>>> print(open('final_25.txt').read())   # compact mmCIF, C-alpha atoms and all ligand atoms
# COMPACT_ATOMS: atom_id res chain seq x y z
CA MET T 1 72.70 169.57 -10.96
CA ARG T 2 70.47 168.25 -13.74
CA GLY T 3 71.30 165.06 -15.60
CA LEU T 4 71.16 163.84 -19.14
CA MET T 5 67.75 165.41 -19.95
CA VAL T 6 66.72 162.27 -21.78
CA ASN T 7 63.65 162.78 -23.91
CA ARG T 8 62.20 159.37 -23.14
CA LYS T 9 59.01 158.51 -21.31
CA ILE T 10 59.45 156.16 -18.35
CA LYS T 11 56.42 154.63 -16.67
CA ILE T 12 56.18 153.53 -13.07
CA ILE T 13 54.21 150.54 -11.82
CA ASP T 14 53.83 150.85 -8.08
CA SER T 15 53.41 147.44 -6.48
CA THR T 16 53.09 148.46 -2.80
CA LEU T 17 49.60 146.97 -2.65
CA ARG T 18 50.64 143.66 -4.24
CA ASP T 19 54.32 142.91 -3.47
CA GLY T 20 54.03 144.93 -0.23
CA ASN T 21 51.09 142.74 0.73
CA HIS T 22 53.63 139.92 1.41
CA THR T 23 55.24 142.19 4.01
CA VAL T 24 52.03 142.83 5.94
CA GLY T 25 50.94 139.19 5.75
CA ASN T 26 48.32 139.97 3.06
CA ARG T 27 46.45 142.16 5.52
CA PHE T 28 45.91 145.30 3.44
CA ASP T 29 42.17 145.83 3.78
CA LEU T 30 39.78 147.74 1.54
CA ASP T 31 40.28 151.02 3.43
CA ASP T 32 44.08 150.67 3.17
CA ILE T 33 43.73 149.98 -0.54
CA LYS T 34 41.56 153.04 -1.08
CA SER T 35 43.96 155.34 0.82
CA ILE T 36 47.06 154.07 -0.93
CA VAL T 37 45.52 154.10 -4.41
CA LYS T 38 44.27 157.64 -3.80
CA THR T 39 47.69 158.97 -2.76
CA LEU T 40 49.53 157.18 -5.59
CA ASP T 41 46.96 158.42 -8.09
CA GLN T 42 47.46 161.99 -6.90
CA SER T 43 51.23 161.55 -7.26
CA GLY T 44 50.93 160.74 -10.95
CA ILE T 45 52.00 157.09 -10.77
CA ASP T 46 51.16 155.45 -14.10
CA TYR T 47 50.05 152.01 -12.89
CA ILE T 48 49.07 150.74 -9.46
CA GLU T 49 49.33 146.98 -8.99
CA VAL T 50 46.85 145.51 -6.52
CA GLY T 51 46.09 142.08 -5.13
CA TYR T 52 47.50 139.54 -2.71
CA GLY T 53 51.24 138.79 -2.71
CA PHE T 54 51.01 135.82 -5.05
CA GLY T 55 48.57 137.65 -7.30
CA MET T 56 44.96 137.19 -8.26
CA GLY T 57 43.36 133.90 -7.24
CA SER T 58 46.10 133.15 -4.74
CA PHE T 59 44.42 133.94 -1.43
CA ASN T 60 40.86 133.06 -0.59
CA LYS T 61 40.35 133.26 3.15
CA GLU T 62 37.28 134.08 5.09
CA GLY T 63 37.36 137.55 6.54
CA PHE T 64 39.63 138.81 3.75
CA ALA T 65 38.51 140.82 0.72
CA THR T 66 37.95 138.94 -2.52
CA ASP T 67 39.95 139.81 -5.63
CA TYR T 68 36.83 141.42 -7.06
CA GLN T 69 36.30 143.63 -3.99
CA ILE T 70 39.94 144.68 -4.18
CA LEU T 71 39.52 145.65 -7.82
CA ASP T 72 36.33 147.61 -7.13
CA ALA T 73 38.02 149.50 -4.28
CA ALA T 74 41.11 150.32 -6.33
CA ILE T 75 39.35 151.24 -9.56
CA GLY T 76 36.98 153.51 -7.63
CA GLN T 77 39.91 155.65 -6.42
CA ALA T 78 42.07 155.71 -9.55
CA LYS T 79 41.19 158.84 -11.47
CA ASN T 80 44.34 159.00 -13.62
CA SER T 81 46.43 155.95 -12.78
CA LYS T 82 45.64 152.61 -14.37
CA ILE T 83 45.13 149.52 -12.26
CA ALA T 84 47.46 146.58 -12.89
CA ILE T 85 47.21 142.98 -11.70
CA LEU T 86 49.55 140.01 -11.49
CA VAL T 87 48.24 136.55 -12.27
CA PHE T 88 50.02 133.24 -11.63
CA PRO T 89 48.49 130.80 -14.13
CA ASN T 90 48.84 127.99 -11.57
CA LYS T 91 46.87 129.96 -8.96
CA ALA T 92 44.04 131.60 -10.94
CA ASP T 93 42.06 129.09 -13.00
CA ILE T 94 40.82 130.19 -16.41
CA LYS T 95 37.23 130.68 -15.21
CA SER T 96 38.06 133.08 -12.41
CA TYR T 97 40.61 134.75 -14.69
CA GLU T 98 37.95 135.41 -17.34
CA LYS T 99 35.84 137.16 -14.72
CA LEU T 100 38.76 139.50 -13.95
CA LEU T 101 38.86 140.54 -17.59
CA ASP T 102 35.52 142.33 -17.19
CA TYR T 103 37.12 144.91 -14.87
CA ASP T 104 38.70 148.15 -16.01
CA ILE T 105 42.27 146.88 -15.83
CA GLY T 106 45.10 148.75 -17.53
CA LEU T 107 47.70 145.99 -17.46
CA ILE T 108 47.69 142.28 -16.73
CA ARG T 109 50.97 140.49 -16.17
CA LEU T 110 51.32 136.73 -16.16
CA ALA T 111 53.80 135.53 -13.56
CA VAL T 112 55.86 132.64 -14.93
CA GLN T 113 59.26 131.16 -14.32
CA ALA T 114 61.74 132.85 -16.67
CA SER T 115 62.85 129.35 -17.64
CA ASN T 116 59.39 128.29 -18.89
CA VAL T 117 56.83 130.82 -20.07
CA GLU T 118 54.46 128.27 -21.65
CA PRO T 119 51.82 128.47 -18.83
CA ALA T 120 51.14 132.10 -19.82
CA LYS T 121 50.06 131.27 -23.36
CA ASP T 122 46.26 130.90 -23.08
CA TYR T 123 46.01 133.66 -20.48
CA ILE T 124 47.76 136.14 -22.75
CA LYS T 125 45.45 135.33 -25.63
CA LEU T 126 42.30 135.83 -23.54
CA ALA T 127 43.44 139.26 -22.31
CA ARG T 128 44.52 140.27 -25.78
CA ASP T 129 41.15 139.25 -27.26
CA LYS T 130 39.54 141.65 -24.78
CA GLY T 131 41.90 144.44 -25.84
CA ILE T 132 43.66 144.59 -22.45
CA GLN T 133 47.37 145.38 -22.37
CA VAL T 134 49.06 142.16 -21.32
CA GLY T 135 52.58 141.06 -20.54
CA GLY T 136 54.80 138.32 -19.23
CA PHE T 137 56.41 138.68 -15.81
CA MET T 138 59.55 136.51 -16.00
CA MET T 139 60.50 135.55 -12.46
CA MET T 140 63.86 134.44 -11.06
CA ALA T 141 65.69 135.96 -14.01
CA SER T 142 68.91 135.79 -11.98
CA ARG T 143 69.01 132.02 -12.49
CA LEU T 144 69.37 132.30 -16.27
CA SER T 145 71.74 133.79 -18.81
CA ALA T 146 70.65 136.76 -20.93
CA ASP T 147 70.42 134.46 -23.97
CA GLU T 148 68.20 131.94 -22.18
CA ILE T 149 65.87 134.71 -21.01
CA THR T 150 65.77 136.21 -24.49
CA SER T 151 64.74 132.91 -25.99
CA GLU T 152 61.80 132.56 -23.54
CA ALA T 153 60.89 136.25 -23.96
CA SER T 154 60.62 135.70 -27.71
CA LYS T 155 58.02 132.99 -27.01
CA LEU T 156 55.99 135.50 -24.96
CA LYS T 157 56.03 137.80 -27.94
CA LYS T 158 54.71 134.98 -30.14
CA PHE T 159 51.91 134.34 -27.62
CA GLY T 160 50.85 137.98 -28.11
CA ALA T 161 52.39 139.76 -25.12
CA ASP T 162 52.62 143.56 -25.40
CA THR T 163 55.21 143.87 -22.66
CA ILE T 164 57.86 141.79 -20.94
CA THR T 165 59.00 142.34 -17.37
CA ILE T 166 62.37 140.98 -16.35
CA THR T 167 61.86 140.04 -12.72
CA ASP T 168 64.76 139.81 -10.31
CA SER T 169 62.76 138.02 -7.62
CA ALA T 170 65.75 137.47 -5.35
CA GLY T 171 67.40 140.86 -5.81
CA ALA T 172 70.34 138.78 -7.02
CA MET T 173 71.10 140.29 -10.42
CA ILE T 174 74.40 142.07 -10.70
CA PRO T 175 74.59 145.28 -12.77
CA SER T 176 76.35 143.72 -15.77
CA SER T 177 73.68 141.05 -16.08
CA VAL T 178 70.86 143.63 -15.90
CA VAL T 179 72.44 145.54 -18.79
CA ASP T 180 73.08 142.43 -20.87
CA THR T 181 69.61 140.96 -20.29
CA ILE T 182 67.57 144.09 -20.94
CA LYS T 183 69.56 144.95 -24.08
CA LYS T 184 69.19 141.47 -25.54
CA VAL T 185 65.48 141.11 -24.74
CA LYS T 186 64.70 144.56 -26.12
CA GLU T 187 66.72 143.96 -29.27
CA ALA T 188 65.12 140.56 -29.92
CA THR T 189 61.48 141.40 -29.11
CA LYS T 190 61.19 145.15 -29.75
CA LEU T 191 58.44 145.12 -27.10
CA GLU T 192 58.06 147.44 -24.13
CA ILE T 193 60.41 146.09 -21.48
CA GLY T 194 59.94 146.42 -17.73
CA PHE T 195 62.17 145.65 -14.76
CA HIS T 196 61.11 144.47 -11.30
CA THR T 197 63.74 143.96 -8.63
CA HIS T 198 64.35 143.57 -4.90
CA ASP T 199 66.92 145.39 -2.82
CA ASN T 200 68.80 142.47 -1.30
CA LEU T 201 72.17 143.65 -2.49
CA GLY T 202 71.35 147.36 -2.17
CA LEU T 203 71.15 147.66 -5.95
CA ALA T 204 67.44 148.24 -6.54
CA VAL T 205 67.43 151.89 -7.62
CA GLY T 206 70.83 151.62 -9.35
CA ASN T 207 69.89 148.49 -11.29
CA SER T 208 66.51 150.03 -12.21
CA MET T 209 68.35 153.03 -13.69
CA LEU T 210 70.66 150.68 -15.58
CA ALA T 211 67.65 148.79 -16.90
CA ILE T 212 66.27 152.09 -18.19
CA SER T 213 69.48 153.13 -19.89
CA SER T 214 69.62 149.65 -21.46
CA GLY T 215 66.14 149.99 -23.00
CA ALA T 216 63.51 149.33 -20.31
CA SER T 217 60.61 151.78 -20.34
CA PHE T 218 58.75 150.80 -17.20
CA ILE T 219 59.95 150.02 -13.69
CA ASP T 220 58.21 148.36 -10.76
CA THR T 221 58.49 150.14 -7.43
CA ALA T 222 56.94 150.25 -3.97
CA ILE T 223 56.48 153.12 -1.56
CA ALA T 224 59.42 153.12 0.88
CA GLY T 225 60.41 149.91 -0.92
CA LEU T 226 57.68 147.94 0.89
CA GLY T 227 57.88 144.63 -0.98
CA ALA T 228 58.78 141.03 -0.18
CA GLY T 229 62.15 140.31 1.42
CA ALA T 230 64.45 143.30 1.22
CA GLY T 231 61.72 145.24 -0.59
CA ASN T 232 61.44 146.70 -4.06
CA THR T 233 62.89 149.75 -5.77
CA ARG T 234 61.61 152.68 -3.71
CA THR T 235 58.98 154.66 -5.62
CA GLU T 236 59.92 158.04 -4.21
CA SER T 237 63.68 157.48 -4.73
CA LEU T 238 63.27 156.36 -8.31
CA VAL T 239 60.98 159.30 -9.08
CA ALA T 240 63.60 161.67 -7.61
CA VAL T 241 66.42 160.16 -9.68
CA LEU T 242 64.38 160.09 -12.89
CA ASP T 243 63.37 163.68 -12.31
CA LYS T 244 66.98 164.76 -11.74
CA GLU T 245 68.14 162.88 -14.84
CA GLY T 246 65.45 164.68 -16.83
CA TYR T 247 63.44 161.66 -18.01
CA LYS T 248 59.82 162.31 -18.98
CA ILE T 249 57.68 161.04 -16.12
CA ASN T 250 54.13 161.64 -14.95
CA ALA T 251 54.99 161.23 -11.28
CA ASP T 252 55.62 164.24 -9.07
CA MET T 253 58.55 163.87 -6.68
CA PHE T 254 57.11 166.10 -3.95
CA LYS T 255 53.77 164.32 -3.99
CA SER T 256 55.35 160.87 -4.13
CA ILE T 257 57.39 161.46 -0.96
CA GLU T 258 54.10 162.20 0.81
CA CYS T 259 52.95 158.65 -0.01
CA VAL T 260 55.53 157.42 2.51
CA LYS T 261 53.67 159.19 5.30
CA VAL T 262 50.34 157.68 4.27
CA LEU T 263 51.85 154.19 4.10
CA ASP T 264 53.72 154.56 7.37
CA LYS T 265 50.47 155.27 9.21
CA ILE T 266 48.84 152.20 7.67
CA ILE T 267 51.63 149.67 8.28
CA LYS T 268 52.18 150.72 11.89
CA LYS T 269 48.95 148.96 12.79
CA TYR T 270 50.39 145.72 11.32
CA ASP T 271 53.47 145.96 13.50
CA VAL T 272 55.86 145.70 10.56
CA ASN T 273 59.52 146.04 11.47
CA ILE T 274 62.68 147.09 9.74
CA LYS T 275 64.03 144.12 7.79
CA ASP T 276 67.08 142.25 8.96
CA MET T 277 69.58 143.00 6.18
CA ARG T 278 71.66 139.93 7.11
CA ASP T 279 68.78 137.72 5.91
CA MET T 280 68.15 139.90 2.86
CA ILE T 281 71.75 139.68 1.71
CA LEU T 282 71.67 135.89 2.05
CA ILE T 283 68.61 135.82 -0.24
CA GLY T 284 70.33 138.01 -2.82
CA TYR T 285 73.59 136.11 -2.55
CA TYR T 286 72.14 132.64 -3.01
CA GLY T 287 69.18 133.73 -5.18
CA ILE T 288 65.89 132.48 -3.71
CA TYR T 289 62.44 134.10 -3.83
CA SER T 290 62.25 137.09 -1.48
CA ALA T 291 58.72 135.98 -0.58
CA PHE T 292 60.17 132.77 0.94
CA MET T 293 61.82 134.63 3.82
CA LYS T 294 58.94 134.40 6.29
CA ASN T 295 58.74 130.67 5.65
CA VAL T 296 62.51 130.33 6.07
CA SER T 297 62.42 132.12 9.45
CA ASP T 298 59.51 130.00 10.70
CA LEU T 299 61.12 126.74 9.56
CA SER T 300 64.48 127.72 10.96
CA ASP T 301 62.87 128.26 14.38
CA LYS T 302 60.70 125.14 14.11
CA TYR T 303 63.48 122.72 13.09
CA GLY T 304 66.51 124.47 14.51
CA VAL T 305 68.22 124.76 11.12
CA SER T 306 70.33 127.83 10.41
CA LYS T 307 68.73 130.24 7.98
CA LYS T 308 71.92 130.37 5.92
CA TYR T 309 72.00 126.60 5.48
CA LEU T 310 68.31 126.44 4.62
CA ILE T 311 68.50 129.31 2.09
CA ALA T 312 71.58 127.77 0.43
CA ASN T 313 69.75 124.46 0.04
CA ILE T 314 66.52 126.03 -1.25
CA ALA T 315 68.66 127.73 -3.88
CA LYS T 316 70.44 124.48 -4.72
CA ASN T 317 67.09 122.74 -5.26
CA ARG T 318 65.77 125.70 -7.30
CA TYR T 319 62.48 125.71 -5.40
CA VAL T 320 59.68 127.97 -6.66
CA PRO T 321 56.30 129.12 -5.22
CA GLY T 322 54.18 126.00 -4.84
CA ASP T 323 57.13 124.02 -3.44
CA GLU T 324 56.42 125.00 0.18
CA GLU T 325 55.86 121.38 1.30
CA LYS T 326 59.16 120.33 -0.24
CA ILE T 327 60.85 123.21 1.58
CA GLU T 328 59.43 122.01 4.88
CA SER T 329 60.66 118.45 4.19
CA LEU T 330 64.05 119.89 3.35
CA ALA T 331 64.17 121.81 6.65
CA LYS T 332 63.21 118.63 8.49
CA MET T 333 65.96 116.70 6.76
CA LEU T 334 68.60 119.35 7.43
CA ARG T 335 67.99 119.63 11.15
C1 LIG N 1 56.37 134.90 -5.48
C2 LIG N 1 55.58 136.07 -5.84
C3 LIG N 1 56.48 137.24 -6.01
O1 LIG N 1 56.15 138.23 -5.07
C4 LIG N 1 56.40 137.78 -7.41
C5 LIG N 1 57.40 138.85 -7.50
O2 LIG N 1 57.12 140.02 -7.33
C6 LIG N 1 58.81 138.45 -7.74
O3 LIG N 1 59.04 137.31 -8.18
O4 LIG N 1 59.68 139.29 -7.49
>>> encode(input="final_25.txt", output="structure tokens")
Amino acid sequence: MRGLMVNRKIKIIDSTLRDGNHTVGNRFDLDDIKSIVKTLDQSGIDYIEVGYGFGMGSFNKEGFATDYQILDAAIGQAKNSKIAILVFPNKADIKSYEKLLDYDIGLIRLAVQASNVEPAKDYIKLARDKGIQVGGFMMMASRLSADEITSEASKLKKFGADTITITDSAGAMIPSSVVDTIKKVKEATKLEIGFHTHDNLGLAVGNSMLAISSGASFIDTAIAGLGAGAGNTRTESLVAVLDKEGYKINADMFKSIECVKVLDKIIKKYDVNIKDMRDMILIGYYGIYSAFMKNVSDLSDKYGVSKKYLIANIAKNRYVPGDEEKIESLAKMLR
């Protein structure tokens, strides 16, 4: 049965190569990147986000590709899709950021706490001056009310952002709050609104569809949901639902399901396992960054603290990326 036949264009940003990089320990190499970009490009995905888990400038280790090599590899394979990147202003300094602006990038998103978007200001201006589509990526949206998010989103608009992504980093947003937030941000900013979520509570595809019906026009996904923690909205599932509902999309459902096969072959060599949903639900219930899970498991083993207790206390302290040392001290204290 066909759905609503909505005459609205919805764009997909596949983040397998960036958010999924957390899952494989940032080990996607240049050959993996080329294969995955190629298959996503052939499937008609609008944007392909590449880079290390914490974005550009976040991971400089010997033996690993540089951000610039990653961009060259991805851009070389993208015939129709545009390449997107995520930048944490506290990880990529302005100088290295300016160098990124010389690449053929279709979308740059600045990753900031939803509670304080100020750090994105200068970065947005620089991208805008170069004529690159730029947006704010408002993380940990589940910690704030729709009105608080709207007030910060309005600042992003003043800084010159073209788009705003509401980011449910912990997969902790309940359906009513997705609807309320997207509607209010759209109404106040009139910008293109995106939604990025994680599947901790099993709501990723459902909440992405609600975001769309509330006014979002682009959704972040990952092939087979391969993203941090419980993973992201599955690309192939969202494409299937959008297709059935009759939205206007570039992606082809039959080609996008083939991406799963390509990815499966690649991740097997990294020995990636099925996620433990008990941990994922704890993340979504308490609301901490999905990307913290590996750290939580290691610290729980190292200090003999239960994961539940540690997660609950990380949430209580509202820790964010960059607070890893504080999290270790916390684990030590809780043992
Ligand atoms: C902490 C980085 C993270 O992967 C960014 C993101 O995708 C999110 O907050 O959901």
>>> closest_atom_pairs(input="final_25.txt", of="chain T", to="ligand LIG 1 (chain N)", cutoff="7 Å", atoms="all atoms listed in the file", output="tab-separated table")
residue	atom	partner	partner_atom	distance
T:Asp19	CA	N:LIG1	O1	5.3
T:Gly53	CA	N:LIG1	O1	5.5
T:Phe54	CA	N:LIG1	C2	4.6
T:Met139	CA	N:LIG1	O3	4.9
T:Met140	CA	N:LIG1	O3	6.3
T:Thr167	CA	N:LIG1	O4	5.7
T:Asp168	CA	N:LIG1	O4	5.8
T:Ser169	CA	N:LIG1	O4	3.3
T:Ala170	CA	N:LIG1	O4	6.7
T:His196	CA	N:LIG1	O4	6.6
T:Thr197	CA	N:LIG1	O4	6.3
T:His198	CA	N:LIG1	O4	6.8
T:Ala228	CA	N:LIG1	O1	6.2
T:Tyr289	CA	N:LIG1	C1	6.3
T:Ser290	CA	N:LIG1	O4	6.9
T:Ala291	CA	N:LIG1	C1	5.5
T:Pro321	CA	N:LIG1	C1	5.8
>>> closest_residue(input="final_25.txt", among="T:Lys261, T:Arg8, T:Lys183, T:Arg318", to="Ala224 in chain T", atoms="only C-alpha atoms")
T:Lys261
>>> closest_atom_pairs(input="final_25.txt", of="range 50-85 of chain T", to="range 89-92 of chain T", cutoff="9 Å", atoms="all atoms listed in the file", output="Markdown table")
| residue | atom | partner | partner_atom | distance |
| --- | --- | --- | --- | --- |
| T:Phe54 | CA | T:Lys91 | CA | 8.2 |
| T:Gly55 | CA | T:Lys91 | CA | 8.0 |
| T:Met56 | CA | T:Ala92 | CA | 6.3 |
| T:Gly57 | CA | T:Ala92 | CA | 4.4 |
| T:Ser58 | CA | T:Lys91 | CA | 5.3 |
| T:Phe59 | CA | T:Lys91 | CA | 8.9 |
>>> atom_distance(input="final_25.txt", atom1="CA of Asp279 in chain T", atom2="CA of Thr221 in chain T")
20.9 Å
>>> atom_distance(input="final_25.txt", atom1="CA of Ala312 in chain T", atom2="CA of Ile174 in chain T")
18.3 Å
>>> residues_around(input="final_25.txt", residues="Lys157 in chain T", least_positions_apart="4", cutoff="7 Å", atoms="all atoms listed in the file", output="ChimeraX atom specification")
/T:153,161,189
>>> closest_residue(input="final_25.txt", among="T:Tyr68, T:Glu118, T:Lys9, T:Tyr286", to="Ser96 in chain T", atoms="all atoms listed in the file")
T:Tyr68
>>> residues_around(input="final_25.txt", residues="range 141-151 of chain T", least_positions_apart="2", cutoff="8 Å", atoms="all atoms listed in the file", output="PDB file with C-alpha atoms, in the frame of the given file")
ATOM      1  CA  ALA T 114      61.740 132.850 -16.670  1.00  0.00           C
ATOM      2  CA  SER T 115      62.850 129.350 -17.640  1.00  0.00           C
ATOM      3  CA  MET T 138      59.550 136.510 -16.000  1.00  0.00           C
ATOM      4  CA  MET T 139      60.500 135.550 -12.460  1.00  0.00           C
ATOM      5  CA  ALA T 153      60.890 136.250 -23.960  1.00  0.00           C
ATOM      6  CA  SER T 154      60.620 135.700 -27.710  1.00  0.00           C
ATOM      7  CA  LYS T 155      58.020 132.990 -27.010  1.00  0.00           C
ATOM      8  CA  ILE T 166      62.370 140.980 -16.350  1.00  0.00           C
ATOM      9  CA  THR T 167      61.860 140.040 -12.720  1.00  0.00           C
ATOM     10  CA  ASP T 168      64.760 139.810 -10.310  1.00  0.00           C
ATOM     11  CA  SER T 169      62.760 138.020  -7.620  1.00  0.00           C
ATOM     12  CA  ALA T 170      65.750 137.470  -5.350  1.00  0.00           C
ATOM     13  CA  ALA T 172      70.340 138.780  -7.020  1.00  0.00           C
ATOM     14  CA  MET T 173      71.100 140.290 -10.420  1.00  0.00           C
ATOM     15  CA  SER T 177      73.680 141.050 -16.080  1.00  0.00           C
ATOM     16  CA  ASP T 180      73.080 142.430 -20.870  1.00  0.00           C
ATOM     17  CA  THR T 181      69.610 140.960 -20.290  1.00  0.00           C
ATOM     18  CA  ILE T 182      67.570 144.090 -20.940  1.00  0.00           C
ATOM     19  CA  LYS T 184      69.190 141.470 -25.540  1.00  0.00           C
ATOM     20  CA  VAL T 185      65.480 141.110 -24.740  1.00  0.00           C
ATOM     21  CA  ALA T 188      65.120 140.560 -29.920  1.00  0.00           C
ATOM     22  CA  GLY T 287      69.180 133.730  -5.180  1.00  0.00           C
TER      23      GLY T 287
END
>>> closest_residue(input="final_25.txt", among="T:Leu101, T:Leu334, T:Ser208, T:Asp220", to="Arg18 in chain T", atoms="all atoms listed in the file")
T:Asp220
>>> closest_atom_pairs(input="final_25.txt", of="range 130-224 of chain T", to="range 33-51 of chain T", cutoff="12 Å", atoms="all atoms listed in the file", output="JSON lines")
{"residue": "T:Gln133", "atom": "CA", "partner": "T:Tyr47", "partner_atom": "CA", "distance": 11.9}
{"residue": "T:Ser217", "atom": "CA", "partner": "T:Asp46", "partner_atom": "CA", "distance": 11.9}
{"residue": "T:Phe218", "atom": "CA", "partner": "T:Asp46", "partner_atom": "CA", "distance": 9.4}
{"residue": "T:Ile219", "atom": "CA", "partner": "T:Tyr47", "partner_atom": "CA", "distance": 10.1}
{"residue": "T:Asp220", "atom": "CA", "partner": "T:Glu49", "partner_atom": "CA", "distance": 9.2}
{"residue": "T:Thr221", "atom": "CA", "partner": "T:Ile48", "partner_atom": "CA", "distance": 9.7}
{"residue": "T:Ala222", "atom": "CA", "partner": "T:Ile48", "partner_atom": "CA", "distance": 9.6}
{"residue": "T:Ile223", "atom": "CA", "partner": "T:Leu40", "partner_atom": "CA", "distance": 9.0}
>>> closest_residue(input="final_25.txt", among="T:Val112, T:Val320, T:Ile266, T:Met333", to="Arg27 in chain T", atoms="all atoms listed in the file")
T:Ile266
>>> closest_residue(input="final_25.txt", among="T:Ile108, T:Leu226, T:Val179, T:Ala240", to="Leu210 in chain T", atoms="all atoms listed in the file")
T:Val179
>>> atom_distance(input="final_25.txt", atom1="CA of Gly206 in chain T", atom2="CA of Gly194 in chain T")
14.7 Å
>>> closest_residue(input="final_25.txt", among="T:Leu30, T:Ala251, T:Ala84, T:Leu17", to="Ala65 in chain T", atoms="all atoms listed in the file")
T:Leu30
>>> axis_aligned_box(input="final_25.txt", around="range 276-284 of chain T", padding_each_side="4 Å", output="lines of an AutoDock Vina configuration file")
center_x = 69.4
center_y = 139.4
center_z = 3.1
size_x = 12.7
size_y = 15.2
size_z = 19.8
